[in-house]
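Everything on this sheet refers to the single structure shown next.
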Amino acid sequence: MSKQFHVRRLDVAAFAQAQAGLEGCDELGAYPRVLQELHAPRADLVIEWRARGEQRRAVDGSLRPALHLQVSAALPLSCQRCLEEVTAPIDIDRHFVFVPDEDAAAALDDASDDDVLALAPDFDLHALLEDELLMALPLVPRHEECPEAVPLSAQDADFDAATEERRHPFAALSALRKPDAG
C-alpha cells in the first residue's frame, strides 16, 4: 500500500523517504498572486510542474530530506518599452533541502547552493510553486524588438513652439519695478 501525498499538506520527510513524486498541470487561476502580474489573464494558460522527493547531502555533510522542483510556463507580461504583451518563458529547476527548524535553515542557507527550508509536517507545496513563479518573473519584461517602433522622446515637435508662444505671467512686473537710484 502506497502513501498518498497532497500538494497543500505535504509531509516532506515521508515524501523524501519514499522517493515519491507529484506532478500537475494547473490552470493559472490557481495562482492568484501570479495572475495579478500578467498583461491579460487567459483561460488557456497552464503551469506544468513536477516535484520529486529525495535524500540529499546538505552543506554540513548530513543527509537531509529534499525536494527537486521543476516548473514550466509561458506567461503573458507587459513589455516595459511598448506596453504590449510579451510572452516570458519560465523554467524553474531547483532543489530544496529541509532541516528541523528555522535557526538551522538560516545557518545553512548562506553556505548552501540549494535552498534550505524548515521542515514542517504539513508543508504547502502549492505556495512554494507560486513563490518560485513570482521570483522567476523577469524584473523588466520586454521584447527583443518591439512589434511597433516606440517613440523614445519625452516631447513632440510642437513642444518648443508652444513654450515660446506662452506668455510669462510675471514679465509685466518688471516694467513696474523702479529703476535703481544709485
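Order determines the names: the first chain of the C-alpha cells is A, the second B, and so forth; residues in each chain are numbered 1 upward, and ligands are numbered 1 upward as they are shown.
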Quiz item: Can you list every residue in segment 13-121 of chain A that DSSP puts in helix (DSSP H, G or I), as number ranges by chain?
Solution: A: 13-17, 28-30, 32-35, 102-109
Selected residues written out with C-alpha atoms, as a JSON list (two decimals), in the first residue's frame:
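What follows is the written file out31.json:
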[["chain", "number", "residue", "atom", "x", "y", "z"],
["A", 13, "ALA", "CA", 10.11, 13.81, 5.32],
["A", 14, "ALA", "CA", 7.86, 10.90, 4.28],
["A", 15, "PHE", "CA", 7.78, 12.15, 0.68],
["A", 16, "ALA", "CA", 11.59, 12.19, 0.53],
["A", 17, "GLN", "CA", 11.92, 8.85, 2.33],
["A", 28, "LEU", "CA", -3.17, 29.78, -13.92],
["A", 29, "GLY", "CA", -6.27, 30.78, -11.93],
["A", 30, "ALA", "CA", -4.97, 28.58, -9.10],
["A", 32, "PRO", "CA", -3.82, 34.44, -7.81],
["A", 33, "ARG", "CA", -0.62, 36.36, -7.00],
["A", 34, "VAL", "CA", 0.93, 35.36, -10.34],
["A", 35, "LEU", "CA", -2.33, 36.22, -12.10],
["A", 102, "GLU", "CA", 14.26, 27.99, 11.12],
["A", 103, "ASP", "CA", 17.52, 28.51, 13.03],
["A", 104, "ALA", "CA", 19.17, 25.56, 11.29],
["A", 105, "ALA", "CA", 17.81, 26.77, 7.94],
["A", 106, "ALA", "CA", 19.26, 30.25, 8.48],
["A", 107, "ALA", "CA", 22.63, 28.79, 9.49],
["A", 108, "LEU", "CA", 22.94, 26.57, 6.40],
["A", 109, "ASP", "CA", 21.22, 28.69, 3.76]]
Quiz item: segment 17-180 of chain A: which residues are strand (DSSP E) by DSSP, as an MDAnalysis selection string?
Solution: chainID A and resid 21:27 46:57 63:78 85:99 115:118
Quiz item: Between A:Leu125, A:Cys82, A:Ala51, A:Leu137, which is the closest to His95 of chain A once you count only C-alpha atoms?
Solution: A:Ala51
Quiz item: Which polymer residues have any atom within 12 Å of an atom of Gln36 of chain A, counting only C-alpha atoms, with same-chain residues fewer than 4 positions away left out, as a ChimeraX atom specification?
Solution: /A:28-32,40-42,75-78,130,134
Quiz item: So, counting only C-alpha atoms, which residue among A:Val99, A:Ala73, A:Leu139, A:Leu176 is closest to Ala118 of chain A?
Solution: A:Val99
Exercise. Report the distance between atom CA of Ala127 of chain A and atom CA of Ile47 of chain A in Å, rounded to one decimal place.
Key: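 Going from atom CA of Ala127 of chain A over to atom CA of Ile47 of chain A, I get 13.3 Å.
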